[in-house]
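Report on the following structure.
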Amino acid sequence: MDGIVMLTRDLSDLNREYSRSKMGCNQSSAVQSNGIKEEPAGSKQHADETEESQTLERFNKTLMTRLQAIANDPPAMPKPLVEGDPRMMLIPSLFNCEQTLAELKEKPLPADSVLIVTYLKSGTHWVWEIVKMLHKRKATADNLPKETAHMEILPPSVIKEVHGKELQEYVTHFPMWTLPSQSYSGRKLVYVYRNPKDVCVSLYYHYMAMSKANPTGFPEMPFEAFFGMFLGPPEANLMGTWFDHVADFWDNFRSNPDILCIQYEQMIKDPEGEIKRIDEHLGTKASENLLKEIAEATSFTTMKQAKAQSEKHLEIVFKGTMYRKGKVGDWKTHLNDEQNEKMEEAISAWQSKRAEPVPLMFEI
Ligand code: A3P
């Protein structure tokens with residue numbers, strides 16, 4: 001517990017340091033010759049930064065409280081998230097799935113909100129930033145970690161508390177079948193999926209970053225063991241299996257006009273084109289120029305740099321980066337022939353169960 005207290009202090013220092021460095025740039029408001037105080041040009045920016053810094057402070061406190069609650073009363077494992085459905089088993093983690101689902105049953109997401117649904121490591125951060133930029137009509141990144149809008153970690157009521165307002169962009173890894181339909185009905189959704197081979201590799205590094213922060217909760221393991229888990233049963237995977245997640249979307253939700261389906265690989269191939277599709281789906285009516293600017297501002301290299309500071313706020317649970325390589329086909333340097341064969345068999349068996357196979361625009 002001492003470690004948690006120390007980290008709380010570190011995170012508070014980080015917040016103060018961030019606020020001070022930003023304020024130093026645009027703090028002073030000019031006094032005109034008639035003595036009237038003029039609003040400085042950067043005052044809107046200053047207000048946004050103060051709001052951000054307060055959000056971060058509240059986020060850090062919430063994270064600590066959640067970690068302490070888990071340490072005091074670890075959740076029993078494993079049990080189905082939705083009673084009688086073994087496709088997603090709750091396992092002890094930072095996640096707060098049950099409260100989120102209970103809240104979603106009672107109260108829908110705000111009417112003008114957008115929900116981004118993905119399996120882990122499929123491009124969630126990327127699409128979240130794009131949607132935020134489309135909403136604010138500005139191609140600039142904020143300093144907030146995605147986890148401040150992540151519904152498994154923070155239930156909607158807590159997200160509202162952390163941000164001090166209703167949010168317009170939410171993210172979740174909940175499979176579609178677990179989400180109460182009344183919570184998102186009439187809202188716009190974006191579903192993103194990615195080659196499971198690259199997801200598996202990306203998730204391994206994510207897991208190892210969690211292991212660095214919490215070696216007891218997430219014991220270090222070689223890739224081979226992790227690969228076995230990825231192809232294993234739902235209870236071996238944090239949010240159920242990739243196969244069930246994508247199959248459920250494809251079989252049951254793909255024809256819902258409120259849900260736009262995107263593939264990570266297509267985003268890599270034609271980011272501007274895919275951002276335009278998101279813009280059209282949300283009705284945000286961005287100009288061609290803004291679409292171009294957003295594509296640039298959300299490119300992997302720019303994003304990695306822009307979000308570096310925000311990643312420090314996750315160090316208590318994740319010691320690494322969410323912006324690792326951002327490439328298609330990194331699996332080729334990780335999967336050996338035998339693993340590749342196993343994965344391909346699993347994909348073929350899974351595809352053969354679909355009336356219409358899931359389009360996979362990647363080399364398998
Ligand atoms: P890698 O680990 O393969 O690099 P998620 O956001 O769902 O957690 O997914 C993370 C994956 O998306 C990581 O993949 C990360 O590098 C990649 N990613 C994040 N932002 C990206 C961007 N702007 N462009 C391309 N890939 C991005």
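Chains: A, B, ... in order of the structure tokens. Residues: from 1 per chain. Ligands: from 1, in order shown.
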
Please provide as a compact mmCIF listing (two decimals) with N, CA, C and O atoms, in the first residue's frame all residues within 8 Å of region 175-190 of chain A, with the sequence filter that same-chain residues fewer than 3 positions apart are discarded (counting only C-alpha atoms).
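The new file part-v8.txt reads:
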```
# COMPACT_ATOMS: atom_id res chain seq x y z
N LEU A 81 -19.86 -12.40 -16.86
CA LEU A 81 -20.31 -11.01 -16.72
C LEU A 81 -21.82 -10.93 -16.91
O LEU A 81 -22.53 -10.26 -16.17
N VAL A 82 -22.31 -11.67 -17.92
CA VAL A 82 -23.75 -11.75 -18.13
C VAL A 82 -24.14 -13.17 -17.70
O VAL A 82 -23.58 -14.14 -18.22
N LEU A 101 -22.20 -1.91 -16.15
CA LEU A 101 -23.38 -2.48 -16.80
C LEU A 101 -24.66 -2.17 -16.02
O LEU A 101 -25.70 -1.90 -16.62
N LEU A 104 -25.57 1.32 -16.90
CA LEU A 104 -26.05 1.45 -18.29
C LEU A 104 -27.48 0.94 -18.45
O LEU A 104 -28.22 1.37 -19.33
N LYS A 105 -27.85 -0.02 -17.58
CA LYS A 105 -29.24 -0.52 -17.64
C LYS A 105 -30.21 0.55 -17.20
O LYS A 105 -31.32 0.65 -17.67
N LYS A 107 -29.51 4.06 -16.98
CA LYS A 107 -29.42 5.39 -17.59
C LYS A 107 -28.64 5.32 -18.90
O LYS A 107 -27.48 4.88 -18.91
N PRO A 108 -29.28 5.72 -20.01
CA PRO A 108 -28.53 5.68 -21.28
C PRO A 108 -27.38 6.69 -21.30
O PRO A 108 -27.37 7.63 -20.50
N LEU A 109 -26.49 6.51 -22.22
CA LEU A 109 -25.40 7.49 -22.41
C LEU A 109 -26.02 8.80 -22.90
O LEU A 109 -27.12 8.79 -23.47
N ALA A 111 -27.42 11.86 -24.93
CA ALA A 111 -28.06 11.73 -26.25
C ALA A 111 -27.11 12.02 -27.42
O ALA A 111 -27.21 11.40 -28.46
N ASP A 112 -26.18 12.96 -27.24
CA ASP A 112 -25.31 13.32 -28.37
C ASP A 112 -23.96 12.61 -28.31
O ASP A 112 -23.00 13.03 -28.94
N SER A 113 -23.90 11.53 -27.51
CA SER A 113 -22.58 10.93 -27.33
C SER A 113 -22.28 9.86 -28.39
O SER A 113 -23.16 9.37 -29.06
N VAL A 114 -20.99 9.54 -28.48
CA VAL A 114 -20.51 8.53 -29.42
C VAL A 114 -19.80 7.46 -28.61
O VAL A 114 -19.03 7.77 -27.71
N LEU A 115 -20.09 6.21 -28.96
CA LEU A 115 -19.45 5.10 -28.24
C LEU A 115 -18.54 4.34 -29.20
O LEU A 115 -18.97 3.91 -30.27
N ILE A 116 -17.28 4.21 -28.80
CA ILE A 116 -16.31 3.47 -29.61
C ILE A 116 -16.14 2.09 -28.98
O ILE A 116 -15.77 1.98 -27.80
N VAL A 117 -16.45 1.06 -29.75
CA VAL A 117 -16.40 -0.31 -29.23
C VAL A 117 -15.30 -1.08 -29.97
O VAL A 117 -15.30 -1.10 -31.20
N THR A 118 -14.41 -1.68 -29.21
CA THR A 118 -13.31 -2.42 -29.84
C THR A 118 -12.91 -3.61 -28.97
O THR A 118 -13.13 -3.59 -27.76
N TYR A 119 -12.30 -4.59 -29.59
CA TYR A 119 -11.55 -5.55 -28.79
C TYR A 119 -10.23 -4.84 -28.44
O TYR A 119 -9.83 -3.89 -29.12
N MET A 239 -11.05 -9.69 -21.71
CA MET A 239 -12.38 -9.26 -22.16
C MET A 239 -13.02 -10.33 -23.05
O MET A 239 -13.68 -10.02 -24.03
N HIS A 245 -15.77 -11.71 -29.71
CA HIS A 245 -16.06 -10.27 -29.77
C HIS A 245 -16.43 -9.87 -31.19
O HIS A 245 -17.48 -9.27 -31.45
N ASP A 248 -19.60 -11.75 -32.74
CA ASP A 248 -20.88 -11.23 -32.24
C ASP A 248 -21.24 -9.93 -32.96
O ASP A 248 -22.38 -9.74 -33.38
N PHE A 249 -20.24 -9.07 -33.12
CA PHE A 249 -20.52 -7.82 -33.85
C PHE A 249 -20.98 -8.15 -35.26
O PHE A 249 -21.99 -7.66 -35.74
N PHE A 253 -24.76 -7.35 -35.27
CA PHE A 253 -24.88 -5.88 -35.18
C PHE A 253 -24.43 -5.14 -36.44
O PHE A 253 -24.58 -3.94 -36.53
N ASP A 258 -26.67 2.64 -37.04
CA ASP A 258 -25.99 3.54 -36.10
C ASP A 258 -24.55 3.12 -35.82
O ASP A 258 -23.81 3.83 -35.14
N ILE A 259 -24.19 1.93 -36.29
CA ILE A 259 -22.82 1.46 -36.01
C ILE A 259 -21.99 1.49 -37.29
O ILE A 259 -22.33 0.86 -38.29
N LEU A 260 -20.89 2.21 -37.22
CA LEU A 260 -19.94 2.24 -38.33
C LEU A 260 -18.83 1.24 -38.01
O LEU A 260 -18.28 1.24 -36.92
N CYS A 261 -18.52 0.40 -39.01
CA CYS A 261 -17.49 -0.60 -38.78
C CYS A 261 -16.20 -0.21 -39.51
O CYS A 261 -16.22 0.13 -40.69
N ILE A 262 -15.12 -0.26 -38.78
CA ILE A 262 -13.82 0.17 -39.32
C ILE A 262 -12.78 -0.92 -39.09
O ILE A 262 -12.81 -1.58 -38.05
N ILE A 278 -15.87 8.43 -40.79
CA ILE A 278 -16.31 8.66 -39.40
C ILE A 278 -17.08 9.98 -39.34
O ILE A 278 -18.15 10.08 -38.76
N HIS A 281 -20.47 9.57 -40.77
CA HIS A 281 -21.31 8.76 -39.87
C HIS A 281 -21.81 9.60 -38.69
O HIS A 281 -22.96 9.50 -38.29
N LEU A 282 -20.94 10.44 -38.17
CA LEU A 282 -21.32 11.24 -36.99
C LEU A 282 -22.05 12.52 -37.38
O LEU A 282 -22.62 13.19 -36.52
```

**Request:** Using only C-alpha atoms and all ligand atoms, find each residue with an atom at most 9 Å away from ligand 1 and format the answer as an MDAnalysis selection string.
**Result:** chainID A and resid 118:129 146 173 192:193 198:206 264 267:268 271 295 297:304 321:331

**Request:** Name all residues at most 12 Å from Asn214 (chain A) (count only C-alpha atoms; drop same-chain ones fewer than 2 positions away) and give them as a list in words.
**Result:** Gly3, Ile4, Leu67, Ala71, Ser93, Leu94, Tyr207, Met208, Ala209, Met210, Ser211, Lys212, Thr216, Gly217, Phe218, Pro219, Glu220, Glu315, Ile316, Val317, Phe318 and Lys319 of chain A

File of the preceding selection, N, CA and C atoms, as an mmCIF file, in the first residue's frame:
```cif
data_model
loop_
_atom_site.group_PDB
_atom_site.id
_atom_site.type_symbol
_atom_site.label_atom_id
_atom_site.label_comp_id
_atom_site.auth_asym_id
_atom_site.auth_seq_id
_atom_site.Cartn_x
_atom_site.Cartn_y
_atom_site.Cartn_z
ATOM 1 N N GLY A 3 3.457 1.769 -1.681
ATOM 2 C CA GLY A 3 3.742 2.064 -3.086
ATOM 3 C C GLY A 3 2.637 2.912 -3.685
ATOM 4 N N ILE A 4 1.388 2.576 -3.327
ATOM 5 C CA ILE A 4 0.240 3.312 -3.882
ATOM 6 C C ILE A 4 0.265 4.745 -3.382
ATOM 7 N N LEU A 67 -7.860 0.931 -6.978
ATOM 8 C CA LEU A 67 -6.778 -0.019 -6.697
ATOM 9 C C LEU A 67 -6.820 -0.467 -5.246
ATOM 10 N N ALA A 71 -7.354 -4.169 -3.764
ATOM 11 C CA ALA A 71 -6.376 -4.762 -2.847
ATOM 12 C C ALA A 71 -7.074 -5.256 -1.569
ATOM 13 N N SER A 93 -9.241 -7.521 -11.834
ATOM 14 C CA SER A 93 -8.445 -6.530 -12.567
ATOM 15 C C SER A 93 -8.873 -5.164 -12.107
ATOM 16 N N LEU A 94 -8.343 -4.188 -12.808
ATOM 17 C CA LEU A 94 -8.721 -2.807 -12.504
ATOM 18 C C LEU A 94 -10.159 -2.540 -12.943
ATOM 19 N N TYR A 207 0.140 -6.429 -21.880
ATOM 20 C CA TYR A 207 0.134 -7.261 -20.673
ATOM 21 C C TYR A 207 1.453 -7.111 -19.908
ATOM 22 N N MET A 208 2.553 -7.132 -20.639
ATOM 23 C CA MET A 208 3.861 -7.021 -19.987
ATOM 24 C C MET A 208 4.032 -5.654 -19.316
ATOM 25 N N ALA A 209 3.446 -4.615 -19.891
ATOM 26 C CA ALA A 209 3.499 -3.289 -19.274
ATOM 27 C C ALA A 209 2.653 -3.279 -17.991
ATOM 28 N N MET A 210 1.555 -4.040 -18.005
ATOM 29 C CA MET A 210 0.754 -4.161 -16.781
ATOM 30 C C MET A 210 1.526 -4.984 -15.746
ATOM 31 N N SER A 211 2.239 -5.971 -16.225
ATOM 32 C CA SER A 211 3.025 -6.817 -15.333
ATOM 33 C C SER A 211 4.141 -6.010 -14.653
ATOM 34 N N LYS A 212 4.739 -5.090 -15.388
ATOM 35 C CA LYS A 212 5.800 -4.251 -14.801
ATOM 36 C C LYS A 212 5.233 -3.413 -13.655
ATOM 37 N N THR A 216 2.439 -9.097 -9.360
ATOM 38 C CA THR A 216 1.677 -10.154 -8.682
ATOM 39 C C THR A 216 0.362 -10.394 -9.421
ATOM 40 N N GLY A 217 -0.320 -9.318 -9.769
ATOM 41 C CA GLY A 217 -1.604 -9.452 -10.458
ATOM 42 C C GLY A 217 -1.441 -9.982 -11.875
ATOM 43 N N PHE A 218 -0.334 -9.586 -12.514
ATOM 44 C CA PHE A 218 -0.117 -9.975 -13.909
ATOM 45 C C PHE A 218 1.308 -10.524 -14.034
ATOM 46 N N PRO A 219 1.498 -11.787 -13.651
ATOM 47 C CA PRO A 219 2.861 -12.327 -13.666
ATOM 48 C C PRO A 219 3.473 -12.311 -15.063
ATOM 49 N N GLU A 220 4.749 -11.971 -15.081
ATOM 50 C CA GLU A 220 5.491 -11.935 -16.345
ATOM 51 C C GLU A 220 5.406 -13.300 -17.023
ATOM 52 N N GLU A 315 1.058 5.208 -15.069
ATOM 53 C CA GLU A 315 2.196 4.373 -14.673
ATOM 54 C C GLU A 315 1.905 3.427 -13.512
ATOM 55 N N ILE A 316 0.939 3.787 -12.706
ATOM 56 C CA ILE A 316 0.620 2.912 -11.575
ATOM 57 C C ILE A 316 0.017 1.580 -12.020
ATOM 58 N N VAL A 317 -0.584 1.586 -13.207
ATOM 59 C CA VAL A 317 -1.185 0.341 -13.700
ATOM 60 C C VAL A 317 -0.569 -0.153 -15.003
ATOM 61 N N PHE A 318 0.216 0.694 -15.637
ATOM 62 C CA PHE A 318 0.716 0.360 -16.973
ATOM 63 C C PHE A 318 2.046 1.072 -17.202
ATOM 64 N N LYS A 319 3.136 0.292 -17.183
ATOM 65 C CA LYS A 319 4.449 0.921 -17.385
ATOM 66 C C LYS A 319 4.942 0.593 -18.792
#
```

**Request:** For CA of Pro357 (chain A) and CA of Gly240 (chain A), determine how far apart the two atoms are, in Å to one decimal place.
**Result:** 20.4 Å

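Across A:Arg137, A:Lys197, A:Lys61, A:Lys44, the tightest approach to Gln339 (chain A) is made by A:Lys197 when counting only C-alpha atoms.
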
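Across region 44-214 of chain A, DSSP run on the backbone finds strand (DSSP E or B) at Lys79, Pro80, Met89, Leu90, Val114, Leu115, Ile116, Val117, Thr118, His150, Glu169, Tyr170, Val171, Thr172, Lys188, Leu189, Val190, Tyr191, Val192 and Tyr193 of chain A.
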
Next, the residues of the selection above should be written as an mmCIF file, in the first residue's frame with N, CA and C atoms.
```cif
data_model
loop_
_atom_site.group_PDB
_atom_site.id
_atom_site.type_symbol
_atom_site.label_atom_id
_atom_site.label_comp_id
_atom_site.auth_asym_id
_atom_site.auth_seq_id
_atom_site.Cartn_x
_atom_site.Cartn_y
_atom_site.Cartn_z
ATOM 1 N N LYS A 79 -16.228 -15.451 -13.071
ATOM 2 C CA LYS A 79 -17.678 -15.634 -13.175
ATOM 3 C C LYS A 79 -18.200 -14.876 -14.394
ATOM 4 N N PRO A 80 -19.278 -15.391 -15.000
ATOM 5 C CA PRO A 80 -19.737 -14.724 -16.234
ATOM 6 C C PRO A 80 -20.190 -13.294 -15.965
ATOM 7 N N MET A 89 -15.962 -13.834 -19.076
ATOM 8 C CA MET A 89 -15.824 -14.124 -17.654
ATOM 9 C C MET A 89 -15.111 -12.949 -16.987
ATOM 10 N N LEU A 90 -15.631 -12.554 -15.840
ATOM 11 C CA LEU A 90 -14.977 -11.479 -15.089
ATOM 12 C C LEU A 90 -13.747 -12.022 -14.411
ATOM 13 N N VAL A 114 -20.993 9.539 -28.480
ATOM 14 C CA VAL A 114 -20.512 8.532 -29.423
ATOM 15 C C VAL A 114 -19.804 7.461 -28.612
ATOM 16 N N LEU A 115 -20.086 6.210 -28.957
ATOM 17 C CA LEU A 115 -19.448 5.103 -28.244
ATOM 18 C C LEU A 115 -18.537 4.342 -29.200
ATOM 19 N N ILE A 116 -17.279 4.208 -28.797
ATOM 20 C CA ILE A 116 -16.310 3.467 -29.610
ATOM 21 C C ILE A 116 -16.141 2.090 -28.980
ATOM 22 N N VAL A 117 -16.445 1.061 -29.751
ATOM 23 C CA VAL A 117 -16.396 -0.312 -29.226
ATOM 24 C C VAL A 117 -15.304 -1.080 -29.965
ATOM 25 N N THR A 118 -14.414 -1.681 -29.207
ATOM 26 C CA THR A 118 -13.309 -2.417 -29.838
ATOM 27 C C THR A 118 -12.913 -3.605 -28.975
ATOM 28 N N HIS A 150 -12.996 5.411 -20.337
ATOM 29 C CA HIS A 150 -13.078 3.972 -20.588
ATOM 30 C C HIS A 150 -14.074 3.328 -19.637
ATOM 31 N N GLU A 169 -17.582 11.482 -25.789
ATOM 32 C CA GLU A 169 -16.916 10.364 -26.458
ATOM 33 C C GLU A 169 -16.518 9.307 -25.435
ATOM 34 N N TYR A 170 -17.124 8.125 -25.556
ATOM 35 C CA TYR A 170 -16.856 7.031 -24.611
ATOM 36 C C TYR A 170 -16.187 5.890 -25.355
ATOM 37 N N VAL A 171 -15.372 5.125 -24.624
ATOM 38 C CA VAL A 171 -14.797 3.929 -25.248
ATOM 39 C C VAL A 171 -15.075 2.718 -24.375
ATOM 40 N N THR A 172 -15.161 1.566 -25.042
ATOM 41 C CA THR A 172 -15.341 0.329 -24.274
ATOM 42 C C THR A 172 -14.814 -0.869 -25.046
ATOM 43 N N LYS A 188 -24.596 7.239 -31.852
ATOM 44 C CA LYS A 188 -23.705 6.727 -32.884
ATOM 45 C C LYS A 188 -22.618 5.862 -32.245
ATOM 46 N N LEU A 189 -22.328 4.744 -32.893
ATOM 47 C CA LEU A 189 -21.263 3.846 -32.424
ATOM 48 C C LEU A 189 -20.239 3.653 -33.533
ATOM 49 N N VAL A 190 -19.017 3.404 -33.121
ATOM 50 C CA VAL A 190 -17.979 3.030 -34.094
ATOM 51 C C VAL A 190 -17.352 1.741 -33.582
ATOM 52 N N TYR A 191 -17.375 0.711 -34.402
ATOM 53 C CA TYR A 191 -16.762 -0.568 -34.017
ATOM 54 C C TYR A 191 -15.477 -0.744 -34.825
ATOM 55 N N VAL A 192 -14.382 -1.031 -34.128
ATOM 56 C CA VAL A 192 -13.090 -1.171 -34.827
ATOM 57 C C VAL A 192 -12.535 -2.578 -34.594
ATOM 58 N N TYR A 193 -12.074 -3.229 -35.647
ATOM 59 C CA TYR A 193 -11.391 -4.512 -35.437
ATOM 60 C C TYR A 193 -10.097 -4.577 -36.239
#
```
